[in-house]
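Data block for data.cif (mmCIF, C-alpha atoms):
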data_model
#
loop_
_atom_site.label_atom_id
_atom_site.label_comp_id
_atom_site.auth_asym_id
_atom_site.auth_seq_id
_atom_site.Cartn_x
_atom_site.Cartn_y
_atom_site.Cartn_z
CA MET J 1 2.43 21.59 -28.65
CA ASN J 2 -1.37 21.75 -28.45
CA HIS J 3 -2.77 19.87 -25.50
CA VAL J 4 -3.69 16.25 -26.10
CA SER J 5 -7.40 15.98 -26.77
CA VAL J 6 -9.14 12.70 -27.55
CA ASN J 7 -12.86 12.76 -28.24
CA PRO J 8 -13.46 16.16 -26.60
CA ASP J 9 -16.99 16.28 -28.08
CA ALA J 10 -18.10 13.40 -25.85
CA PRO J 11 -20.99 14.00 -23.42
CA TYR J 12 -18.49 14.76 -20.70
CA VAL J 13 -14.77 14.90 -20.14
CA VAL J 14 -13.60 11.88 -18.15
CA VAL J 15 -10.14 13.18 -17.35
CA ARG J 16 -8.52 16.53 -17.99
CA THR J 17 -5.20 17.94 -16.84
CA VAL J 18 -4.16 21.56 -17.32
CA HIS J 19 -0.45 22.34 -16.97
CA LEU J 20 -0.17 19.46 -14.52
CA GLU J 21 3.08 19.21 -12.58
CA LYS J 22 4.48 16.67 -10.19
CA GLN J 23 7.61 17.04 -8.15
CA ILE J 24 9.11 14.19 -6.15
CA GLY J 25 11.86 15.38 -3.86
CA ASP J 26 13.91 17.84 -5.88
CA ARG J 27 13.02 16.24 -9.18
CA GLU J 28 10.32 17.60 -11.45
CA VAL J 29 8.85 14.37 -12.80
CA LEU J 30 5.90 15.87 -14.73
CA ARG J 31 5.98 19.28 -16.37
CA ASP J 32 3.16 21.15 -18.01
CA VAL J 33 1.09 18.07 -18.87
CA SER J 34 -2.20 19.04 -20.49
CA LEU J 35 -4.53 16.41 -21.84
CA GLU J 36 -8.23 15.77 -22.19
CA LEU J 37 -10.03 12.48 -22.68
CA GLY J 38 -13.72 12.11 -23.35
CA THR J 39 -15.79 8.96 -23.26
CA HIS J 40 -15.27 6.29 -25.96
CA ALA J 41 -11.57 7.13 -26.08
CA THR J 42 -8.29 5.25 -25.75
CA LEU J 43 -5.02 7.16 -25.51
CA ALA J 44 -1.66 5.41 -25.58
CA VAL J 45 1.39 6.98 -23.95
CA LEU J 46 4.80 6.10 -25.34
CA GLY J 47 7.97 7.13 -23.60
CA PRO J 48 11.41 5.96 -22.48
CA ASN J 49 12.14 4.65 -19.00
CA GLY J 50 12.05 7.41 -16.39
CA ALA J 51 9.96 9.71 -18.55
CA GLY J 52 7.27 10.00 -15.87
CA LYS J 53 4.65 7.67 -17.39
CA THR J 54 3.88 5.75 -14.20
CA THR J 55 3.89 8.98 -12.20
CA LEU J 56 1.32 10.42 -14.62
CA LEU J 57 -0.92 7.40 -14.10
CA ARG J 58 -0.54 7.52 -10.33
CA VAL J 59 -1.43 11.20 -10.25
CA LEU J 60 -4.47 10.66 -12.49
CA ALA J 61 -5.56 7.76 -10.28
CA GLY J 62 -5.27 9.91 -7.17
CA ILE J 63 -2.63 7.75 -5.52
CA TRP J 64 -0.34 10.78 -5.56
CA GLY J 65 -1.39 14.40 -5.56
CA PRO J 66 -0.15 16.82 -8.24
CA SER J 67 2.34 19.53 -7.28
CA GLY J 68 0.82 22.09 -9.62
CA GLY J 69 -1.72 22.64 -12.38
CA GLN J 70 -5.29 21.44 -12.49
CA LEU J 71 -6.77 17.97 -12.51
CA TRP J 72 -10.35 17.21 -13.53
CA ARG J 73 -11.98 13.83 -13.28
CA PHE J 74 -15.48 12.95 -14.42
CA ASP J 75 -16.19 16.57 -15.34
CA LYS J 76 -15.33 17.88 -11.88
CA PRO J 77 -12.18 19.62 -10.69
CA VAL J 78 -10.19 17.74 -8.10
CA VAL J 79 -9.56 20.27 -5.36
CA GLY J 80 -7.94 19.94 -1.97
CA GLU J 81 -6.67 16.56 -0.98
CA VAL J 82 -6.53 14.25 -4.00
CA ARG J 83 -8.37 11.00 -3.53
CA THR J 84 -8.85 7.89 -5.57
CA ASP J 85 -12.22 7.30 -7.18
CA ALA J 86 -14.19 4.07 -7.33
CA ARG J 87 -14.85 4.76 -11.03
CA ILE J 88 -11.16 4.37 -11.86
CA GLY J 89 -9.59 1.02 -12.63
CA TYR J 90 -5.82 0.96 -12.24
CA LEU J 91 -3.48 -1.75 -13.47
CA GLY J 92 0.08 -1.26 -12.27
CA HIS J 93 3.36 -3.10 -12.74
CA GLN J 94 2.32 -5.44 -9.96
CA SER J 95 -0.98 -7.21 -9.45
CA PHE J 96 -1.90 -5.66 -6.04
CA LEU J 97 -2.99 -9.15 -4.98
CA TYR J 98 -2.06 -11.01 -1.80
CA PRO J 99 0.18 -13.96 -2.78
CA ALA J 100 -1.02 -16.21 0.06
CA LEU J 101 -4.70 -15.84 -0.87
CA THR J 102 -6.42 -17.54 -3.79
CA ALA J 103 -7.54 -15.47 -6.77
CA LEU J 104 -11.15 -15.86 -5.65
CA GLU J 105 -10.33 -14.76 -2.10
CA ASN J 106 -8.35 -11.79 -3.42
CA LEU J 107 -11.14 -10.59 -5.69
CA THR J 108 -13.79 -11.15 -3.02
CA PHE J 109 -11.65 -9.11 -0.63
CA TYR J 110 -11.34 -6.26 -3.14
CA GLY J 111 -15.08 -6.49 -3.86
CA ARG J 112 -15.78 -5.97 -0.17
CA LEU J 113 -13.27 -3.14 -0.05
CA TRP J 114 -15.18 -1.44 -2.89
CA ASN J 115 -18.51 -2.08 -1.16
CA LEU J 116 -19.76 -4.03 -4.15
CA ASP J 117 -22.97 -6.04 -3.98
CA HIS J 118 -22.43 -9.82 -3.91
CA PRO J 119 -18.62 -9.60 -3.99
CA HIS J 120 -18.11 -13.37 -4.04
CA ALA J 121 -20.43 -13.90 -7.01
CA ARG J 122 -18.91 -10.95 -8.89
CA ALA J 123 -15.42 -12.24 -8.20
CA ARG J 124 -16.32 -15.67 -9.60
CA ASP J 125 -17.91 -14.10 -12.65
CA MET J 126 -14.92 -11.87 -13.30
CA LEU J 127 -12.49 -14.78 -12.97
CA ARG J 128 -14.62 -16.72 -15.45
CA ARG J 129 -14.41 -13.78 -17.87
CA VAL J 130 -10.61 -13.69 -17.70
CA GLY J 131 -10.40 -17.48 -18.04
CA LEU J 132 -9.13 -18.32 -14.57
CA THR J 133 -12.05 -20.35 -13.22
CA TRP J 134 -9.96 -23.51 -13.40
CA SER J 135 -7.39 -21.98 -11.05
CA GLN J 136 -9.51 -19.67 -8.92
CA ASN J 137 -8.91 -21.66 -5.73
CA ASP J 138 -5.13 -21.76 -6.10
CA PRO J 139 -3.02 -19.29 -4.13
CA VAL J 140 -1.87 -16.46 -6.33
CA LYS J 141 1.78 -17.11 -5.40
CA ILE J 142 1.87 -20.17 -7.67
CA TYR J 143 0.50 -18.27 -10.68
CA SER J 144 2.63 -17.67 -13.76
CA ARG J 145 3.24 -14.07 -14.84
CA GLY J 146 0.48 -14.31 -17.44
CA MET J 147 -2.04 -15.77 -15.00
CA LEU J 148 -1.15 -13.10 -12.46
CA GLN J 149 -1.76 -10.42 -15.07
CA ARG J 150 -5.16 -11.94 -15.92
CA ALA J 151 -6.07 -11.96 -12.21
CA ALA J 152 -4.94 -8.34 -11.95
CA ILE J 153 -7.12 -7.43 -14.94
CA ALA J 154 -10.04 -9.14 -13.21
CA ARG J 155 -9.34 -7.11 -10.07
CA MET J 156 -9.23 -3.91 -12.08
CA LEU J 157 -12.51 -4.59 -13.88
CA LEU J 158 -14.33 -5.80 -10.75
CA PRO J 159 -15.95 -2.45 -9.76
CA ASP J 160 -17.00 -1.80 -13.40
CA PRO J 161 -14.84 1.34 -13.76
CA GLN J 162 -15.43 4.20 -16.20
CA LEU J 163 -11.75 5.09 -16.60
CA LEU J 164 -8.96 2.57 -17.03
CA LEU J 165 -5.36 3.51 -16.30
CA LEU J 166 -3.09 0.76 -17.55
CA ASP J 167 0.64 0.59 -16.97
CA GLU J 168 2.15 -1.75 -19.57
CA PRO J 169 -0.82 -4.13 -19.46
CA TYR J 170 0.51 -6.52 -22.11
CA THR J 171 3.63 -7.47 -20.12
CA GLY J 172 3.86 -11.22 -19.68
CA LEU J 173 0.71 -12.08 -21.59
CA ASP J 174 0.72 -14.93 -24.11
CA ALA J 175 -0.93 -14.55 -27.54
CA GLU J 176 -4.30 -15.78 -26.30
CA ALA J 177 -4.27 -13.46 -23.29
CA GLN J 178 -3.22 -10.53 -25.50
CA GLU J 179 -6.18 -11.23 -27.75
CA PHE J 180 -8.42 -11.36 -24.68
CA LEU J 181 -7.10 -8.00 -23.45
CA ASP J 182 -7.48 -6.44 -26.92
CA HIS J 183 -11.07 -7.62 -27.05
CA THR J 184 -11.74 -6.41 -23.49
CA LEU J 185 -10.35 -2.94 -24.15
CA ILE J 186 -12.06 -2.50 -27.51
CA THR J 187 -15.41 -3.66 -26.08
CA TYR J 188 -14.85 -1.39 -23.10
CA ARG J 189 -14.29 1.64 -25.35
CA ASP J 190 -17.30 0.78 -27.53
CA ARG J 191 -19.45 0.75 -24.39
CA GLY J 192 -18.28 4.29 -23.59
CA GLY J 193 -15.23 3.59 -21.45
CA THR J 194 -12.09 5.69 -21.44
CA THR J 195 -8.61 4.20 -21.32
CA LEU J 196 -5.16 5.66 -20.90
CA LEU J 197 -2.46 3.08 -21.35
CA ILE J 198 1.29 3.08 -21.15
CA THR J 199 3.17 0.81 -23.48
CA HIS J 200 6.53 0.44 -25.18
CA ASN J 201 5.06 -1.51 -28.06
CA VAL J 202 3.98 0.40 -31.15
CA GLN J 203 1.92 -2.57 -32.34
CA ASP J 204 -0.17 -2.43 -29.15
CA VAL J 205 -0.73 1.28 -29.72
CA LEU J 206 -2.00 0.83 -33.26
CA ARG J 207 -4.21 -2.13 -32.41
CA ILE J 208 -6.30 -0.59 -29.70
CA SER J 209 -5.76 3.17 -29.42
CA ASP J 210 -7.52 6.17 -30.90
CA ALA J 211 -4.58 8.47 -30.31
CA VAL J 212 -0.99 8.35 -29.13
CA THR J 213 1.18 10.78 -27.23
CA ILE J 214 4.87 10.74 -26.41
CA LEU J 215 6.12 11.63 -22.94
CA ILE J 216 9.78 12.55 -22.61
CA GLY J 217 11.38 14.11 -19.55
CA GLY J 218 8.00 14.58 -17.88
CA LYS J 219 6.58 16.54 -20.84
CA LEU J 220 4.14 15.52 -23.53
CA VAL J 221 6.15 16.42 -26.61
CA TRP J 222 3.85 15.18 -29.34
CA TRP J 223 0.49 13.62 -29.96
CA ALA J 224 -1.66 12.57 -32.90
CA PRO J 225 -4.86 10.71 -33.70
CA LEU J 226 -3.93 7.32 -35.10
CA GLY J 227 -5.68 7.29 -38.46
CA GLY J 228 -3.15 6.83 -41.24
CA TRP J 229 -0.21 5.69 -39.12
CA ASN J 230 1.54 2.36 -39.63
CA PRO J 231 4.05 0.65 -37.31
CA GLU J 232 7.12 1.67 -39.30
CA ARG J 233 6.14 5.31 -39.53
CA LEU J 234 5.15 5.54 -35.85
CA THR J 235 8.36 3.77 -34.74
CA ALA J 236 10.47 6.11 -36.86
CA HIS J 237 8.67 9.11 -35.48
CA TYR J 238 9.00 7.89 -31.89
CA GLN J 239 12.73 7.35 -32.35
CA GLU J 240 13.10 10.81 -33.80
CA CYS J 241 11.34 12.24 -30.73
CA LEU J 242 13.67 10.22 -28.46
CA ARG J 243 16.66 11.69 -30.25
CA GLY J 244 15.19 15.12 -29.64
CA GLY J 245 14.52 15.41 -33.35
CA LYS J 246 13.80 18.83 -34.63
CA GLY J 247 10.28 20.00 -35.05
CA TYR J 248 7.63 17.77 -33.56
CA PRO J 249 4.59 17.73 -35.83
CA MET H 1 2.27 -13.00 13.40
CA TRP H 2 1.01 -13.11 16.99
CA VAL H 3 1.94 -16.79 17.27
CA ALA H 4 5.56 -15.94 16.45
CA MET H 5 5.49 -13.03 18.90
CA THR H 6 3.99 -15.16 21.68
CA ALA H 7 6.34 -18.07 21.01
CA PHE H 8 9.27 -15.67 21.20
CA GLY H 9 7.95 -14.18 24.46
CA VAL H 10 7.56 -17.64 26.02
CA MET H 11 11.05 -18.65 24.88
CA VAL H 12 12.51 -15.51 26.44
CA VAL H 13 10.81 -16.41 29.74
CA PHE H 14 12.47 -19.82 29.71
CA LEU H 15 15.85 -18.49 28.57
CA PHE H 16 15.96 -15.86 31.29
CA ALA H 17 14.71 -18.33 33.86
CA PHE H 18 17.50 -20.79 33.03
CA ALA H 19 20.23 -18.22 32.45
CA LEU H 20 19.60 -16.20 35.61
CA GLU H 21 18.79 -19.09 37.94
CA THR H 22 15.62 -17.39 39.10
CA ASN H 23 15.03 -19.92 41.88
CA ARG H 24 18.23 -18.88 43.69
CA VAL H 25 18.68 -15.19 42.87
CA ARG H 26 16.17 -12.50 43.86
CA LEU H 27 15.46 -10.59 40.66
CA ALA H 28 12.63 -8.34 41.84
CA PRO H 29 14.55 -5.07 41.22
CA VAL H 30 15.30 -5.96 37.58
CA PHE H 31 12.13 -7.97 36.88
CA PRO H 32 10.20 -5.09 35.18
CA GLY H 33 13.21 -4.35 32.96
CA ILE H 34 13.47 -7.99 31.84
CA LEU H 35 9.71 -8.12 31.28
CA TRP H 36 9.60 -5.03 29.04
CA MET H 37 12.76 -5.92 27.15
CA ALA H 38 11.13 -9.24 26.30
CA PHE H 39 7.92 -7.47 25.18
CA LEU H 40 9.91 -5.03 23.04
CA PHE H 41 11.89 -7.80 21.30
CA ALA H 42 8.74 -9.88 20.78
CA GLY H 43 6.98 -6.80 19.41
CA ILE H 44 9.77 -6.15 16.92
CA ILE H 45 9.40 -9.67 15.52
CA GLY H 46 5.79 -8.97 14.62
CA LEU H 47 5.90 -5.26 13.85
CA GLY H 48 8.68 -5.56 11.29
CA ARG H 49 6.31 -7.69 9.23
CA THR H 50 3.29 -5.41 9.53
CA TYR H 51 3.26 -4.70 5.79
CA ALA H 52 5.04 -7.90 4.71
CA HIS H 53 1.95 -9.32 3.00
CA GLU H 54 1.44 -6.12 0.99
CA VAL H 55 5.01 -5.72 -0.28
CA PRO H 56 5.47 -8.59 -2.82
CA GLU H 57 2.66 -7.51 -5.19
CA ASP H 58 2.25 -3.92 -3.96
CA ALA H 59 -1.14 -4.66 -2.40
CA LEU H 60 -0.75 -1.44 -0.43
CA THR H 61 -1.45 0.51 -3.64
CA GLY H 62 -4.45 -1.74 -4.18
CA LEU H 63 -5.73 -0.78 -0.73
CA ALA H 64 -5.01 2.90 -1.41
CA LEU H 65 -7.13 2.74 -4.58
CA ALA H 66 -10.20 1.70 -2.62
CA PRO H 67 -12.74 4.40 -1.79
CA GLY H 68 -12.43 5.84 1.70
CA ASP H 69 -9.82 7.41 3.87
CA ARG H 70 -6.35 5.90 3.60
CA MET H 71 -5.87 6.52 7.29
CA ALA H 72 -8.18 3.53 7.79
CA ILE H 73 -5.38 1.31 6.48
CA PHE H 74 -2.99 2.62 9.12
CA LEU H 75 -5.58 2.41 11.89
CA ALA H 76 -6.47 -1.16 10.90
CA LYS H 77 -2.81 -2.16 10.95
CA LEU H 78 -2.37 -0.41 14.29
CA THR H 79 -5.42 -2.09 15.82
CA THR H 80 -4.32 -5.53 14.64
CA ALA H 81 -0.78 -5.03 15.90
CA LEU H 82 -2.08 -3.83 19.26
CA LEU H 83 -4.35 -6.87 19.60
CA PHE H 84 -1.44 -9.19 18.73
CA MET H 85 0.80 -7.42 21.22
CA LEU H 86 -1.82 -7.61 23.99
CA SER H 87 -2.45 -11.29 23.25
CA MET H 88 1.28 -11.94 23.57
CA GLU H 89 1.39 -10.02 26.85
CA ILE H 90 -1.63 -11.89 28.26
CA VAL H 91 0.04 -15.24 27.58
CA THR H 92 3.58 -14.39 28.68
CA THR H 93 3.05 -12.08 31.69
CA PRO H 94 1.72 -14.83 34.04
CA LEU H 95 4.62 -17.05 32.92
CA PHE H 96 7.12 -14.32 33.79
CA PHE H 97 5.57 -13.93 37.24
CA ALA H 98 5.58 -17.68 37.79
CA PHE H 99 9.15 -18.32 36.62
CA PHE H 100 10.61 -15.28 38.35
CA SER H 101 8.74 -16.09 41.59
CA GLU H 102 7.29 -12.61 41.71
CA PRO H 103 4.31 -12.34 44.12
CA TRP H 104 1.02 -11.92 42.25
CA ASP H 105 -0.59 -9.44 44.64
CA GLY H 106 -0.15 -5.92 43.30
CA GLN H 107 -2.45 -3.26 41.93
CA TRP H 108 -3.49 -5.25 38.87
CA ILE H 109 -5.67 -2.57 37.34
CA LEU H 110 -2.71 -0.19 37.28
CA PHE H 111 -0.40 -2.93 36.07
CA GLY H 112 -2.91 -3.85 33.33
CA MET H 113 -3.07 -0.19 32.35
CA THR H 114 0.72 -0.12 32.08
CA LEU H 115 0.67 -3.22 29.87
CA VAL H 116 -1.92 -1.64 27.53
CA LEU H 117 -0.24 1.79 27.37
CA GLY H 118 3.19 0.22 26.91
CA ALA H 119 1.91 -2.07 24.14
CA LEU H 120 0.28 0.94 22.47
CA GLY H 121 3.53 2.91 22.62
CA ILE H 122 5.49 0.04 21.09
CA VAL H 123 3.02 -0.67 18.25
CA GLU H 124 2.29 2.97 17.34
CA LEU H 125 5.91 3.66 16.53
CA GLY H 126 6.46 0.16 15.13
CA VAL H 127 3.59 0.39 12.65
CA LEU H 128 4.68 3.88 11.57
CA LEU H 129 8.30 2.84 11.03
CA SER H 130 7.17 -0.32 9.29
CA ALA H 131 5.16 1.83 6.85
CA ILE H 132 8.15 4.11 6.28
CA SER H 133 10.56 1.26 5.64
CA ALA H 134 8.18 -1.15 3.85
CA ASN H 135 9.38 -0.40 0.33
CA LEU H 136 12.97 0.45 1.16
CA ARG H 137 16.00 -1.72 0.60
CA SER H 138 17.40 -3.04 3.88
CA ALA H 139 13.96 -2.41 5.38
CA GLU H 140 14.57 -4.65 8.40
CA ILE H 141 17.84 -2.94 9.33
CA ILE H 142 16.37 0.54 8.95
CA PHE H 143 13.29 -0.48 10.94
CA THR H 144 15.33 -1.91 13.82
CA LEU H 145 17.88 0.91 13.91
CA LEU H 146 15.14 3.55 14.07
CA LEU H 147 12.86 1.66 16.42
CA PHE H 148 15.24 0.98 19.31
CA PRO H 149 16.31 4.56 20.10
CA LEU H 150 12.79 5.91 19.62
CA GLU H 151 11.33 3.27 21.95
CA ILE H 152 13.66 4.24 24.80
CA PRO H 153 11.03 6.61 26.37
CA VAL H 154 8.48 3.75 26.32
CA LEU H 155 10.96 1.39 27.91
CA ILE H 156 11.91 3.89 30.65
CA THR H 157 8.33 4.86 31.52
CA THR H 158 6.93 1.32 31.45
CA VAL H 159 9.80 -0.11 33.52
CA GLU H 160 9.60 2.70 36.07
CA ALA H 161 5.80 2.50 36.28
CA SER H 162 5.91 -1.30 36.64
CA THR H 163 8.62 -1.04 39.30
CA ALA H 164 6.52 1.45 41.26
CA ILE H 165 3.38 -0.69 40.99
CA LEU H 166 5.11 -3.94 41.99
CA SER H 167 7.11 -2.46 44.87
CA LYS H 168 6.05 -3.04 48.51
CA PRO H 169 4.57 -0.71 49.56
CA MET H 170 3.45 0.52 46.18
CA ALA H 171 5.12 3.75 45.04
CA ASP H 172 3.36 6.41 42.98
CA PRO H 173 3.47 5.32 39.30
CA TRP H 174 1.45 8.24 37.90
CA LEU H 175 4.37 10.42 36.86
CA TRP H 176 5.59 7.59 34.62
CA LEU H 177 2.10 6.64 33.47
CA HIS H 178 1.39 10.24 32.47
CA GLY H 179 4.68 10.31 30.56
CA LEU H 180 3.68 7.11 28.80
CA MET H 181 0.26 8.53 27.95
CA ALA H 182 1.90 11.66 26.50
CA TYR H 183 4.19 9.48 24.36
CA ASP H 184 1.20 7.44 23.15
CA VAL H 185 -0.74 10.59 22.22
CA ILE H 186 2.25 12.05 20.33
CA PHE H 187 2.90 8.86 18.39
CA PHE H 188 -0.79 8.47 17.63
CA ALA H 189 -0.99 12.03 16.26
CA LEU H 190 2.29 11.91 14.30
CA PRO H 191 1.17 9.26 11.76
CA LEU H 192 -2.08 11.17 11.22
CA LEU H 193 0.06 14.10 10.06
CA LEU H 194 2.63 12.04 8.13
CA TYR H 195 0.59 9.26 6.59
CA GLU H 196 -0.44 11.08 3.38
CA TYR H 197 3.18 12.01 2.77
CA LEU H 198 4.27 8.42 3.35
CA TRP H 199 2.35 7.24 0.28
CA GLU H 200 4.84 9.12 -1.87
CA VAL H 201 7.93 7.66 -0.19
#
Transcribe the structure of this file into structure tokens.
Amino acid sequence: MNHVSVNPDAPYVVVRTVHLEKQIGDREVLRDVSLELGTHATLAVLGPNGAGKTTLLRVLAGIWGPSGGQLWRFDKPVVGEVRTDARIGYLGHQSFLYPALTALENLTFYGRLWNLDHPHARARDMLRRVGLTWSQNDPVKIYSRGMLQRAAIARMLLPDPQLLLLDEPYTGLDAEAQEFLDHTLITYRDRGGTTLLITHNVQDVLRISDAVTILIGGKLVWWAPLGGWNPERLTAHYQECLRGGKGYP
Amino acid sequence: MWVAMTAFGVMVVFLFAFALETNRVRLAPVFPGILWMAFLFAGIIGLGRTYAHEVPEDALTGLALAPGDRMAIFLAKLTTALLFMLSMEIVTTPLFFAFFSEPWDGQWILFGMTLVLGALGIVELGVLLSAISANLRSAEIIFTLLLFPLEIPVLITTVEASTAILSKPMADPWLWLHGLMAYDVIFFALPLLLYEYLWEV
């Protein structure tokens, strides 16, 4: 398969991996992953449980180092000890918030951690943007799953990142919140942002992505730009890939 | 956390005082052992929860995503735990001396040094093991089972150094204090080598 390449003609490449590998213990979780994302680009990653999707995101974010291959971020190779980057926004399975603190306290804390100017004011503004002003002084432990996800999105967007890495961001969101996230991600891409998101939902892929790739057994087995695909065709193709169907396009 | 540690330390003082009838029995020879056992147990109460606030929503990953060296997270946890441990010692040590009728006339600078070095030895290992076991099932059991045997050198050196300092006339505690210092240096350096690897556990 050719390496995944979304908007490579952009002014600069935001993230690039070349034959990236990641081994955890004896298990090779990522194998030969090559992808390239420019600015103004959204790539969706589909894959079954245990395919290595979260590991891919954690390696790209710099939480874990790769075991082999090359990693480039913001047009520069990442050499030596892999580090996170303030320009990356990461949304994981959990919110990364402290349950005993209020949403406002949590975001102010993260704002200080990121050395942002006026962290309290930025935290308030971000909570207003995600529609949580009414509950910003409540401890996060009483939040519903959807509210927690909104607060986590606010945390992710707080440092105004240039690359978003989203791990199943639509989980637990109601229709209104989904619409909000769609709007946020589309606006973000239009302003030049780059997004790589993991999802199991083909509808999510088609709504907001420019391209989709399928990760199975730690390997990107297929990718395509999304023009001309509909949910039925993409679902059928995904299922064929899962069955190990012959001849990926 | 330090409130729970201190409350536990104070309760141990009272329990030992009542159980051992300290007003009738002379406990000077075993006093340092009782003191450091109490500190170790009180320390475990707090140290086991070093990362408890980060676990429910994986805030540790949130901290790791922030710019800067991740070692700062460990050092911050270590500093906080040490301050909590020292606060607990400051409150409970005079109570121990009072309830066990131990004379308060030793080499207090050396005894203070033993308290600080001993607290450091307990928290260095405790914070490291807490980081290792934070995301594991049966974290508390693993933490306790690993902590006790590895803290034995701290317990031996602190008890022997305290015994030497509190004895009349004072014996030479430096052999034990040097041993304690060596332990502290080793368990300060070990996390610096292991901490990056621990993020992937």
Could you list, with a cut-off of 10 Å and counting all atoms listed in the file, the residues of chain J near chain H, each shown with its nearest atom pair and the distance in Å rounded to one decimal, rows sorted by chain and ascending number, as a tab-separated table?
residue	atom	partner	partner_atom	distance
J:Ile24	CA	H:Glu200	CA	7.9
J:Gly25	CA	H:Val201	CA	9.4
J:Arg58	CA	H:Thr61	CA	9.7
J:Ala61	CA	H:Leu65	CA	7.8
J:Gly62	CA	H:Leu65	CA	7.8
J:Ile63	CA	H:Ala64	CA	6.8
J:Trp64	CA	H:Glu200	CA	6.6
J:Gly65	CA	H:Glu200	CA	9.0
J:Glu81	CA	H:Glu196	CA	9.4
J:Arg83	CA	H:Pro67	CA	8.1
J:Thr84	CA	H:Leu65	CA	5.5
J:Asp85	CA	H:Pro67	CA	6.1
J:Ala86	CA	H:Pro67	CA	5.7
J:Arg87	CA	H:Pro67	CA	9.5
J:Ile88	CA	H:Leu65	CA	8.5
J:Gly89	CA	H:Leu65	CA	8.6
J:Tyr90	CA	H:Leu65	CA	8.0
J:Leu91	CA	H:Gly62	CA	9.3
J:Gly92	CA	H:Thr61	CA	8.9
J:His93	CA	H:Glu57	CA	8.8
J:Gln94	CA	H:Glu57	CA	5.2
J:Ser95	CA	H:Glu57	CA	5.6
J:Phe96	CA	H:Ala59	CA	3.9
J:Leu97	CA	H:Ala59	CA	5.5
J:Tyr98	CA	H:Ala59	CA	6.4
J:Pro99	CA	H:Glu57	CA	7.3
J:Ala100	CA	H:His53	CA	8.1
J:Tyr110	CA	H:Ala66	CA	8.1
J:Gly111	CA	H:Ala66	CA	9.6
J:Arg112	CA	H:Ala66	CA	9.8
J:Leu113	CA	H:Ala66	CA	6.3
J:Trp114	CA	H:Ala66	CA	5.9
J:Asn115	CA	H:Pro67	CA	8.7
J:Lys141	CA	H:Pro56	CA	9.6
J:Leu148	CA	H:Glu57	CA	9.9
J:Arg155	CA	H:Gly62	CA	9.4
J:Met156	CA	H:Gly62	CA	9.5
Residue list as a list in words for point (-7.7, 15.6, -26.4), cut-off 7 Å, only C-alpha atoms: His3, Val4, Ser5, Val6, Asn7, Pro8, Leu35, Glu36 and Leu37 of chain J
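Across the structure, CA of Ala224 in chain J and CA of Arg16 in chain J are spaced 16.9 Å apart.
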Surrounding residues of Val13 in chain J excluding itself and chain neighbours under 2 positions, 6 Å, all atoms listed in the file, as a PyMOL selection string: chain J and resi 15+37-38+75
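Closest approach to Ala76 in chain H among H:Val127, H:Leu40, H:Met113, H:Ala52 is made by H:Val127 (distances from only C-alpha atoms).
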Minimum-distance residue to Ala189 in chain H, chosen among H:Phe74, H:Trp176, H:Phe84, H:Phe18 (using only C-alpha atoms): H:Phe74
Ground truth for the PyMOL selection byres ((chain H and resi 79) around 12), written as a VMD selection string: chain H and resid 47 50 72 to 78 80 to 86 119 to 120 123 to 124 127 188
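Here CA of Pro29 in chain H is placed at a distance of 12.6 Å from CA of Ala161 in chain H.
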Option closest in space to Thr235 in chain J, from J:Ala177, J:Asp138, J:Ala154, J:Leu46 [counting only C-alpha atoms]: J:Leu46
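Counting all atoms listed in the file, Arg26 in chain H has the following residues at most 12 Å away, ignoring those fewer than 2 positions along the same chain: H:Ala17, H:Leu20, H:Glu21, H:Thr22, H:Asn23, H:Arg24, H:Ala28, H:Pro29, H:Val30, H:Phe31, H:Phe99, H:Phe100, H:Ser101, H:Glu102, H:Pro103.
Rounded to one decimal, CA of Ala131 in chain H and CA of Tyr51 in chain H lie 6.9 Å from each other.
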Residue members of the PyMOL selection byres ((chain H and resi 173) around 8) in the file shown, as number ranges by chain: H: 160-162, 164-165, 171-172, 174-177
Output of the PyMOL selection byres ((chain J and resi 219) around 12), listed as a PyMOL selection string: chain J and resi 1+3-4+19-22+28-35+45-48+50-53+55-56+213-218+220-223+241
Sel. within 8 Å of pt (0.3, 3.3, 31.4), counting all atoms listed in the file, output as a count of residues only: 15
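With all atoms listed in the file as the basis for measurement, H:Gly48 is the residue among H:Ile156, H:Phe39, H:Gly48, H:Met1 that approaches Ser138 in chain H most closely.
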